[in-house]
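Engineer: Sharing work30.cif (mmCIF, C-alpha atoms) below.
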data_protein
loop_
_atom_site.label_atom_id
_atom_site.label_comp_id
_atom_site.auth_asym_id
_atom_site.auth_seq_id
_atom_site.Cartn_x
_atom_site.Cartn_y
_atom_site.Cartn_z
CA MET P 43 -43.41 -17.05 -3.94
CA MET P 44 -39.70 -17.10 -3.18
CA ASN P 45 -38.19 -15.58 -0.13
CA SER P 46 -34.86 -15.88 1.58
CA ILE P 47 -36.02 -18.60 4.02
CA ASN P 48 -37.15 -20.80 1.15
CA ASN P 49 -33.86 -20.13 -0.60
CA LEU P 50 -31.90 -21.23 2.46
CA GLU P 51 -33.89 -24.45 2.67
CA LEU P 52 -33.31 -25.04 -1.02
CA VAL P 53 -29.56 -24.65 -0.65
CA LYS P 54 -29.46 -26.94 2.37
CA LYS P 55 -31.41 -29.58 0.47
CA LEU P 56 -29.18 -29.29 -2.59
CA VAL P 57 -25.91 -29.58 -0.69
CA ASN P 58 -27.10 -32.29 1.67
CA GLU P 59 -28.23 -34.42 -1.26
CA ALA P 60 -25.01 -33.84 -3.15
CA ALA P 61 -22.47 -34.75 -0.48
CA PRO P 62 -22.06 -35.52 3.23
CA VAL P 63 -21.89 -32.24 5.13
CA ILE P 64 -19.60 -31.97 8.16
CA LYS P 65 -20.94 -28.68 9.47
CA ILE P 66 -23.53 -26.08 8.48
CA GLU P 67 -23.25 -22.49 9.59
CA GLN P 68 -25.94 -19.95 8.88
CA ILE P 69 -24.19 -16.61 8.93
CA ASP P 70 -27.31 -14.54 8.31
CA ASN P 71 -30.46 -14.64 6.20
CA GLN P 72 -28.48 -14.42 2.99
CA GLN P 73 -25.37 -16.41 3.79
CA LEU P 74 -24.87 -20.09 4.38
CA ALA P 75 -21.64 -21.96 4.93
CA PHE P 76 -21.07 -25.68 4.46
CA GLU P 77 -17.99 -27.53 5.53
CA ILE P 78 -17.50 -30.59 3.37
CA GLU P 79 -14.78 -33.05 2.47
CA LYS P 80 -12.09 -31.98 0.05
CA ARG P 81 -13.04 -34.68 -2.47
CA ASP P 82 -16.69 -33.48 -2.65
CA VAL P 83 -15.93 -29.84 -3.49
CA HIS P 84 -16.05 -30.22 -7.26
CA HIS P 85 -19.31 -32.15 -7.17
CA VAL P 86 -21.04 -29.72 -4.82
CA LEU P 87 -19.90 -26.70 -6.80
CA THR P 88 -21.14 -28.32 -10.01
CA VAL P 89 -24.54 -29.00 -8.44
CA LEU P 90 -24.76 -25.42 -7.17
CA LYS P 91 -23.72 -23.99 -10.51
CA ASN P 92 -26.35 -26.02 -12.33
CA SER P 93 -28.96 -24.78 -9.83
CA GLY P 94 -28.24 -21.11 -10.51
CA TRP P 95 -25.30 -20.32 -8.23
CA LYS P 96 -23.33 -19.48 -11.31
CA GLN P 97 -21.15 -16.65 -10.02
CA LEU P 98 -17.98 -17.44 -8.11
CA SER P 99 -17.66 -14.35 -5.94
CA TYR P 100 -14.44 -15.27 -4.22
CA MET P 101 -12.10 -18.05 -3.38
CA SER P 102 -9.48 -17.86 -0.69
CA ALA P 103 -7.79 -19.78 2.08
CA VAL P 104 -7.50 -19.58 5.86
CA ASP P 105 -4.43 -20.78 7.72
CA TRP P 106 -5.31 -22.80 10.83
CA ILE P 107 -1.78 -23.33 12.03
CA ASP P 108 -2.70 -25.08 15.30
CA ALA P 109 -4.73 -27.72 13.49
CA ASN P 110 -2.05 -27.88 10.79
CA LYS P 111 -4.70 -27.29 8.10
CA PHE P 112 -5.55 -24.85 5.39
CA GLU P 113 -9.23 -24.11 4.91
CA LEU P 114 -10.27 -23.32 1.37
CA VAL P 115 -13.38 -21.17 1.04
CA TYR P 116 -15.37 -20.91 -2.17
CA VAL P 117 -18.12 -18.29 -2.22
CA VAL P 118 -20.78 -18.64 -4.91
CA PHE P 119 -23.74 -16.38 -5.57
CA ASN P 120 -27.07 -16.69 -7.34
CA TRP P 121 -28.58 -13.60 -8.94
CA ASP P 122 -32.16 -14.95 -8.89
CA LYS P 123 -32.19 -16.41 -5.38
CA PRO P 124 -30.03 -14.09 -3.34
CA VAL P 125 -28.04 -16.42 -1.10
CA TYR P 126 -24.29 -16.46 -0.78
CA VAL P 127 -23.10 -20.03 -0.33
CA GLN P 128 -19.70 -20.70 1.18
CA ILE P 129 -18.18 -24.08 0.53
CA ARG P 130 -15.36 -24.77 2.95
CA ALA P 131 -12.94 -27.65 2.85
CA MET P 132 -9.94 -28.45 4.99
CA ILE P 133 -6.74 -29.51 3.28
CA ASP P 134 -3.46 -30.66 4.71
CA ARG P 135 -1.02 -27.89 5.56
CA ASN P 136 2.09 -29.87 4.71
CA ASN P 137 2.38 -30.06 0.97
CA PRO P 138 -1.01 -28.40 0.39
CA GLU P 139 -2.70 -29.29 -2.86
CA MET P 140 -6.19 -28.94 -4.26
CA ASP P 141 -7.42 -29.86 -7.73
CA SER P 142 -8.35 -26.72 -9.62
CA ILE P 143 -12.01 -25.90 -10.21
CA LEU P 144 -11.09 -24.12 -13.43
CA PRO P 145 -13.40 -26.32 -15.59
CA ILE P 146 -16.39 -25.37 -13.40
CA PHE P 147 -15.66 -21.69 -12.78
CA PRO P 148 -13.07 -20.26 -15.23
CA GLY P 149 -12.94 -17.08 -13.17
CA VAL P 150 -11.15 -18.92 -10.38
CA LYS P 151 -7.91 -18.72 -12.37
CA TYR P 152 -6.62 -15.60 -10.63
CA TYR P 153 -7.99 -16.50 -7.19
CA GLU P 154 -6.03 -19.72 -7.34
CA ARG P 155 -2.91 -17.88 -8.37
CA GLU P 156 -3.41 -15.52 -5.47
CA ALA P 157 -3.89 -18.39 -3.02
CA HIS P 158 -0.75 -20.04 -4.34
CA GLU P 159 1.20 -16.84 -3.94
CA PHE P 160 0.03 -15.98 -0.44
CA PHE P 161 -0.37 -19.46 1.06
CA GLY P 162 1.70 -21.74 -1.15
CA ILE P 163 -1.20 -24.00 -2.11
CA ALA P 164 -0.74 -25.90 -5.37
CA PHE P 165 -3.65 -26.14 -7.80
CA PRO P 166 -2.95 -28.86 -10.37
CA GLY P 167 -5.33 -28.40 -13.30
CA ASN P 168 -4.76 -24.66 -13.43
CA PRO P 169 -1.94 -24.23 -15.96
CA ASP P 170 -0.84 -20.85 -14.55
CA TYR P 171 -1.18 -21.32 -10.82
CA HIS P 172 2.54 -21.07 -10.14
CA LYS P 173 3.01 -17.76 -11.96
CA GLN P 174 3.46 -14.57 -9.97
CA LEU P 175 0.42 -12.34 -9.73
CA ILE P 176 0.75 -9.69 -7.03
CA LEU P 177 4.10 -10.09 -5.34
CA GLU P 178 7.07 -9.50 -7.59
CA GLY P 179 10.11 -11.67 -7.10
CA TRP P 180 9.09 -12.96 -3.67
CA ASP P 181 11.91 -14.80 -1.94
CA ASP P 182 10.51 -15.95 1.39
CA LEU P 183 7.66 -17.97 2.92
CA PRO P 184 4.27 -17.12 1.43
CA PRO P 185 3.39 -13.98 3.39
CA LEU P 186 -0.11 -14.81 4.63
CA ARG P 187 0.97 -17.99 6.37
CA LYS P 188 0.82 -17.60 10.12
CA ASP P 189 4.41 -18.73 10.59
CA PHE P 190 5.68 -15.91 8.38
CA ASP P 191 6.90 -12.95 10.44
CA PRO P 192 6.28 -9.71 8.49
CA SER P 193 8.06 -7.61 11.10
CA ALA P 194 11.28 -9.60 10.86
CA TYR P 195 11.05 -9.51 7.07
CA SER P 196 10.62 -5.74 7.14
CA ASP P 197 13.57 -5.33 9.49
CA ARG P 198 15.76 -7.48 7.30
CA LYS P 199 14.78 -6.01 3.93
CA PHE P 200 13.95 -2.36 4.45
CA PRO P 201 16.34 -0.01 6.23
CA SER P 202 14.68 1.96 9.01
CA ARG P 203 15.41 5.53 9.94
CA GLU P 204 17.84 6.00 12.77
CA TYR P 205 17.09 8.93 15.00
CA PRO P 206 19.97 10.89 16.54
CA ALA P 207 17.87 11.77 19.59
CA ASP P 208 15.14 10.10 21.57
CA PHE P 209 11.91 11.81 20.65
CA SER P 210 9.64 9.70 22.83
CA VAL P 211 7.13 11.70 24.81
CA VAL P 212 7.72 10.02 28.18
CA ASP P 213 9.14 12.75 30.40
CA PRO P 214 10.18 11.80 33.96
CA LYS P 215 9.46 15.32 35.20
CA ASN P 216 6.01 15.37 33.73
CA LYS P 217 3.69 13.99 36.37
CA SER P 218 0.46 14.60 34.47
CA ILE P 219 -0.32 10.89 34.19
CA GLU P 220 0.07 10.36 37.96
CA LYS P 221 -1.93 13.51 38.64
CA ARG P 222 -4.70 12.25 36.40
CA LYS P 223 -4.70 8.95 38.30
CA GLU P 224 -4.87 10.80 41.63
CA ARG P 225 -7.79 12.88 40.36
CA LYS P 226 -9.58 9.73 39.31
CA VAL P 227 -9.08 8.12 42.71
CA ARG P 228 -10.26 11.29 44.45
CA ALA P 229 -13.34 11.61 42.23
CA ASN P 230 -14.16 7.98 42.79
CA ALA P 231 -13.78 8.37 46.56
CA LEU P 232 -16.13 11.36 46.57
CA ARG P 233 -18.65 9.50 44.45
CA THR P 234 -18.67 6.39 46.60
CA GLY P 235 -18.25 7.99 50.02
CA GLY P 236 -14.69 6.82 50.56
CA ASN P 237 -15.30 3.20 49.52
CA LYS P 238 -13.10 1.68 46.88
CA GLN P 239 -15.89 0.62 44.59
CA MET V 119 25.51 56.11 -18.43
CA LEU V 120 25.51 52.39 -17.74
CA SER V 121 22.86 50.99 -15.50
CA THR V 122 24.19 50.08 -12.07
CA LYS V 123 21.76 47.24 -11.89
CA PHE V 124 23.51 44.86 -14.22
CA THR V 125 27.16 43.92 -14.50
CA PRO V 126 28.27 43.89 -18.13
CA ALA V 127 28.54 40.29 -19.26
CA THR V 128 31.96 40.78 -20.77
CA LYS V 129 33.60 41.00 -17.36
CA LEU V 130 32.08 37.71 -16.14
CA SER V 131 33.67 34.32 -16.49
CA LYS V 132 31.78 31.47 -18.12
CA ALA V 133 31.00 29.84 -14.77
CA GLU V 134 29.55 33.09 -13.46
CA ILE V 135 27.41 33.56 -16.55
CA ASP V 136 26.14 29.99 -16.17
CA ARG V 137 25.31 30.67 -12.56
CA LYS V 138 23.36 33.78 -13.56
CA TRP V 139 21.40 31.84 -16.11
CA TRP V 140 20.65 29.15 -13.52
CA GLU V 141 19.39 31.84 -11.15
CA ILE V 142 17.11 33.23 -13.86
CA GLY V 143 15.98 29.71 -14.67
CA ASP V 144 15.34 28.96 -11.00
CA PHE V 145 13.31 32.15 -10.65
CA PHE V 146 10.93 31.10 -13.40
CA ARG V 147 11.04 27.47 -12.37
CA ARG V 148 10.01 28.04 -8.78
CA ASN V 149 7.11 30.19 -9.88
CA SER V 150 5.85 27.63 -12.34
CA LEU V 151 6.09 24.21 -10.76
CA TRP V 152 4.34 21.30 -12.41
CA LEU V 153 3.41 18.41 -10.19
CA LEU V 154 3.40 14.78 -11.12
CA MET V 155 1.07 13.37 -8.53
CA TYR V 156 2.02 9.83 -7.73
CA CYS V 157 -0.95 9.17 -5.50
CA THR V 158 0.21 5.99 -3.83
CA GLY V 159 -1.54 6.30 -0.52
CA CYS V 160 -4.20 7.97 1.54
CA CYS V 161 -2.40 11.36 1.74
CA ALA V 162 -3.61 11.93 -1.82
CA ILE V 163 -6.91 12.99 -0.25
CA GLU V 164 -5.19 16.22 0.81
CA LEU V 165 -4.60 17.19 -2.80
CA PRO V 166 -8.18 18.04 -3.90
CA PRO V 167 -8.49 20.87 -1.33
CA ALA V 168 -4.93 21.99 -2.11
CA MET V 169 -5.68 22.16 -5.82
CA THR V 170 -9.20 23.55 -5.79
CA SER V 171 -10.58 26.85 -4.53
CA ALA V 172 -10.06 26.12 -0.82
CA TYR V 173 -6.27 26.56 -0.91
CA ASP V 174 -5.77 27.10 -4.64
CA MET V 175 -2.33 25.83 -5.53
CA GLU V 176 -2.56 27.75 -8.80
CA ARG V 177 -1.86 31.03 -6.98
CA LEU V 178 1.64 29.68 -6.28
CA GLY V 179 1.96 28.86 -9.94
CA MET V 180 1.60 25.15 -9.40
CA GLY V 181 -0.43 22.80 -11.46
CA PRO V 182 -0.88 19.13 -12.21
CA MET V 183 1.02 17.55 -15.08
CA ALA V 184 0.11 14.36 -16.82
CA THR V 185 3.49 12.98 -17.82
CA PRO V 186 6.77 12.55 -15.94
CA ARG V 187 8.86 14.03 -18.73
CA GLN V 188 7.25 17.44 -18.41
CA ALA V 189 6.89 17.58 -14.63
CA ASP V 190 9.17 19.30 -12.11
CA ILE V 191 7.97 17.75 -8.87
CA LEU V 192 7.38 14.12 -8.15
CA LEU V 193 4.78 14.14 -5.40
CA VAL V 194 4.75 10.90 -3.43
CA SER V 195 1.61 10.93 -1.38
CA GLY V 196 1.69 8.17 1.14
CA TYR V 197 3.00 4.67 1.64
CA LEU V 198 4.97 2.86 -1.03
CA SER V 199 4.68 -0.83 -1.55
CA LEU V 200 7.49 -2.70 -3.25
CA LYS V 201 5.51 -2.81 -6.47
CA THR V 202 4.85 0.91 -6.44
CA LEU V 203 8.45 1.69 -5.57
CA ARG V 204 9.61 -0.08 -8.75
CA ARG V 205 7.30 2.09 -10.85
CA LEU V 206 8.25 5.16 -8.86
CA ILE V 207 11.94 4.66 -9.63
CA TYR V 208 11.05 4.25 -13.32
CA THR V 209 9.06 7.46 -13.17
CA TYR V 210 11.74 9.37 -11.31
CA GLU V 211 14.40 8.39 -13.79
CA GLN V 212 12.17 9.44 -16.69
CA MET V 213 11.71 12.96 -15.37
CA SER V 214 13.80 15.69 -16.93
CA GLU V 215 16.17 17.65 -14.72
CA PRO V 216 16.05 19.62 -12.52
CA LYS V 217 13.55 17.49 -10.64
CA TYR V 218 12.34 17.61 -7.08
CA VAL V 219 10.65 15.08 -4.83
CA VAL V 220 8.06 15.98 -2.22
CA ALA V 221 6.92 13.18 0.09
CA LEU V 222 3.71 13.49 2.08
CA GLY V 223 2.85 11.74 5.30
CA SER V 224 4.81 9.72 7.81
CA CYS V 225 5.01 6.53 5.73
CA PRO V 226 7.84 7.68 3.42
CA ILE V 227 9.70 9.05 6.46
CA ASN V 228 9.84 6.00 8.70
CA GLY V 229 7.17 3.57 7.57
CA GLY V 230 4.38 5.10 9.65
CA ILE V 231 1.74 2.60 10.61
CA TYR V 232 3.13 0.20 8.00
CA HIS V 233 6.58 0.02 9.62
CA ASP V 234 6.26 -3.75 10.14
CA SER V 235 4.62 -4.69 6.88
CA HIS V 236 6.23 -7.13 4.49
CA ALA V 237 5.01 -5.17 1.48
CA VAL V 238 5.71 -1.54 2.38
CA ILE V 239 9.12 0.13 2.49
CA ASN V 240 10.14 2.16 5.52
CA GLN V 241 12.25 5.01 4.27
CA LEU V 242 11.95 6.58 0.85
CA ASP V 243 15.22 8.55 0.84
CA GLN V 244 17.17 5.30 0.77
CA TYR V 245 15.95 4.73 -2.78
CA ILE V 246 15.49 8.17 -4.32
CA PRO V 247 16.52 11.55 -2.90
CA VAL V 248 13.73 13.52 -1.23
CA ASP V 249 13.80 17.31 -1.07
CA VAL V 250 10.83 18.04 1.17
CA TYR V 251 9.09 15.81 3.68
CA VAL V 252 5.69 16.84 5.00
CA ALA V 253 5.14 14.95 8.23
CA GLY V 254 1.77 13.94 9.59
CA CYS V 255 -0.65 11.10 9.27
CA MET V 256 -2.08 12.60 7.27
CA PRO V 257 -0.67 16.17 7.06
CA ASN V 258 -3.34 18.82 6.88
CA THR V 259 -3.63 20.91 3.78
CA GLU V 260 -1.89 23.94 5.27
CA ALA V 261 1.12 21.73 5.94
CA VAL V 262 1.06 20.44 2.37
CA MET V 263 0.96 23.98 1.00
CA ASN V 264 3.71 24.96 3.41
CA GLY V 265 5.79 22.10 2.08
CA PHE V 266 5.45 23.50 -1.43
CA VAL V 267 6.47 26.96 -0.26
CA ASP V 268 9.46 25.39 1.50
CA LEU V 269 10.45 23.73 -1.74
CA MET V 270 10.26 27.09 -3.53
CA ASP V 271 12.53 28.56 -0.86
CA GLN V 272 14.94 25.68 -1.28
CA ILE V 273 15.06 26.24 -5.03
CA LYS V 274 15.68 29.93 -4.42
CA HIS V 275 18.55 29.21 -2.03
CA LYS V 276 19.94 26.44 -4.24
CA THR V 277 19.45 23.75 -1.62
CA ALA V 278 16.97 21.59 -3.52
CA ASN V 279 19.78 19.39 -4.77
CA GLY V 280 18.18 15.97 -4.60
CA TRP V 281 18.62 15.30 -8.31
CA LYS V 282 22.32 16.20 -8.09
CA LYS V 283 22.65 13.83 -5.13
CA TYR V 284 21.12 11.08 -7.23
CA HIS V 285 23.89 11.58 -9.80
CA ALA V 286 26.64 11.82 -7.19
CA HIS V 287 25.57 8.76 -5.21
CA PHE V 288 23.97 6.80 -8.04
CA GLU V 289 25.66 3.53 -7.09
CA TRP V 290 24.60 3.86 -3.46
CA TYR V 291 20.97 4.43 -4.42
CA LYS V 292 21.05 1.56 -6.91
CA GLU V 293 22.50 -0.77 -4.31
CA ASN V 294 19.78 0.10 -1.82
CA GLN V 295 17.16 -0.43 -4.49
CA ARG V 296 18.62 -3.81 -5.34
CA ASN V 297 18.86 -4.85 -1.68
CA SER V 298 15.19 -4.17 -1.01
CA LEU V 299 13.62 -4.94 -4.36
CA GLY V 300 15.85 -7.71 -5.64
CA GLU V 301 15.56 -6.36 -9.16
CA VAL V 302 14.35 -2.93 -10.14
CA ASP V 303 13.21 -3.98 -13.61
CA VAL V 304 9.55 -4.81 -13.91
CA HIS V 305 8.75 -8.26 -15.24
CA ASP V 306 5.05 -8.40 -15.77
CA GLU V 307 3.19 -10.97 -17.82
CA PHE V 308 0.56 -8.41 -18.82
CA HIS V 309 3.12 -6.15 -20.49
CA GLN V 310 5.40 -8.63 -22.17
#
Reformat the file's structure so that it appears as structure tokens.
Structural biologist:
Amino acid sequence: MMNSINNLELVKKLVNEAAPVIKIEQIDNQQLAFEIEKRDVHHVLTVLKNSGWKQLSYMSAVDWIDANKFELVYVVFNWDKPVYVQIRAMIDRNNPEMDSILPIFPGVKYYEREAHEFFGIAFPGNPDYHKQLILEGWDDLPPLRKDFDPSAYSDRKFPSREYPADFSVVDPKNKSIEKRKERKVRANALRTGGNKQ
Amino acid sequence: MLSTKFTPATKLSKAEIDRKWWEIGDFFRRNSLWLLMYCTGCCAIELPPAMTSAYDMERLGMGPMATPRQADILLVSGYLSLKTLRRLIYTYEQMSEPKYVVALGSCPINGGIYHDSHAVINQLDQYIPVDVYVAGCMPNTEAVMNGFVDLMDQIKHKTANGWKKYHAHFEWYKENQRNSLGEVDVHDEFHQ
């Protein structure tokens, strides 16, 4: 008799036997996350794939700019034992590079291209990782890095409409906001018998 | 006795006859507008009620058209990313003249809620001429219908001249397109 608790235990056992785990996070009854070393990712993913976690649902990256790290997240799913397993690994933010997992999960091809485009992570082993996928002719920092400023880029690239008049709704003669505040104070005073609270 | 309704054509110059024919053409054109719906953004959700029995666009003589070459109106419904703008310019240039552009929502006007996005342009009329803007985020269906009626009025009064502006200021539009897009041509590994 399989249930989700047994499945979670099974995943924990599999990953713990395969590689040293830095951190385990149980997100809910169907999701488990393991933080492991970068060098163990391929082995752990192979073990999981051979145990039935044969679908790579997603792969992406997170930019932890204060720690100067990128976190790669691989999400795999098993159709017989319904547990999503996240495999997380920190890689260096300067000159980020991660060996491709293309031989294990061929479907990662486009996820790796996307991660290269939006974070600038190199994936040696994937012959197409440097090709453009979503952005066309991008000429700046990869846009999902935290040090990229989308507002400044927008101001520089796309002309904004200039308005001949100020259409803002703040009117110095309109005291409705102050009146509303006064009403609030008055209602509060009545409610509390003149006390502030 | 000659009808007083019509001036005999012999007394008109060529330019005047051309103008007459344009007026006749505009009369039929404004009562039979075919829309190319370029549903780029969320304002496209206003089109089903506008087209179906709730507001019934057909009573104004408007209908959807499948290809740009046979459409009169290019309907831009919502925000335009850089990628979509490239395809939109392709589409606009494919359309046969006279052609009109109707832009829905606040995103084509000034960027709307995407004004600070790296992927979405702020102002559509820098790249192609726009005849009617329908403001709102999103505009309600009455406003969309009103925008179409406004366009018909503009055609009647010969003020829907966006496509002429595109000819007159072609270099200016092209320069803006190049400044924001880098290159207007689409280079796409899936189509080459």
Engineer: Determine the residue set returned by the PyMOL selection byres ((chain V) within 7 of (chain P)) for the present structure, and present it as a VMD selection string.
Structural biologist: chain V and resid 201 228 234 to 236 239 to 241 298
Engineer: What's the separation between CA of Leu144 in chain P and CA of Ala109 in chain P, in Å to one decimal place?
Structural biologist: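 Rounded to one decimal, the two atoms are 27.9 Å apart.
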Engineer: Figure out the distance between CA of Val83 in chain P and CA of Ile129 in chain P, please, to one decimal in Å.
Structural biologist: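 Interatomic distance, CA of Ile129 in chain P to CA of Val83 in chain P: 7.4 Å.
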Engineer: Suppose you want the space between CA of Leu206 in chain V and CA of Val194 in chain V; what is it in Å?
Structural biologist: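 Separating CA of Leu206 in chain V from CA of Val194 in chain V is a distance of 8.6 Å.
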Engineer: Given the choices V:Ile231, V:Ala253, V:Cys225, V:Val248, which gets closest to Thr277 in chain V if the distance is worked out from only C-alpha atoms?
Structural biologist: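 Of the candidates, the smallest distance to Thr277 in chain V is held by V:Val248.
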Engineer: Just the residues within 12 Å of range 73-77 of chain P, please, counting only C-alpha atoms, with nothing from its chain fewer than 3 positions along; format it as number ranges by chain.
Structural biologist: P: 46-47, 49-58, 60-70, 80-83, 86-87, 113-120, 123-133
Engineer: Please tell me which residues are no farther than 12 Å from (5.6, 11.4, 4.4) in the file, counting only C-alpha atoms, and write them as a PyMOL selection string.
Structural biologist: chain V and resi 158-162+193-198+219-231+239-243+248-258+261-262+265
Engineer: Given the file shown, determine the residues that the PyMOL selection byres ((chain P and resi 171) around 9) selects; report them as number ranges by chain.
Structural biologist: P: 151-152, 154-159, 164-170, 172-174
Engineer: Could you state which residues are captured by the PyMOL selection byres ((chain V and resi 137-150) around 8) in this file, as number ranges by chain?
Structural biologist: V: 133-136, 151-152, 178-181, 270, 273-274
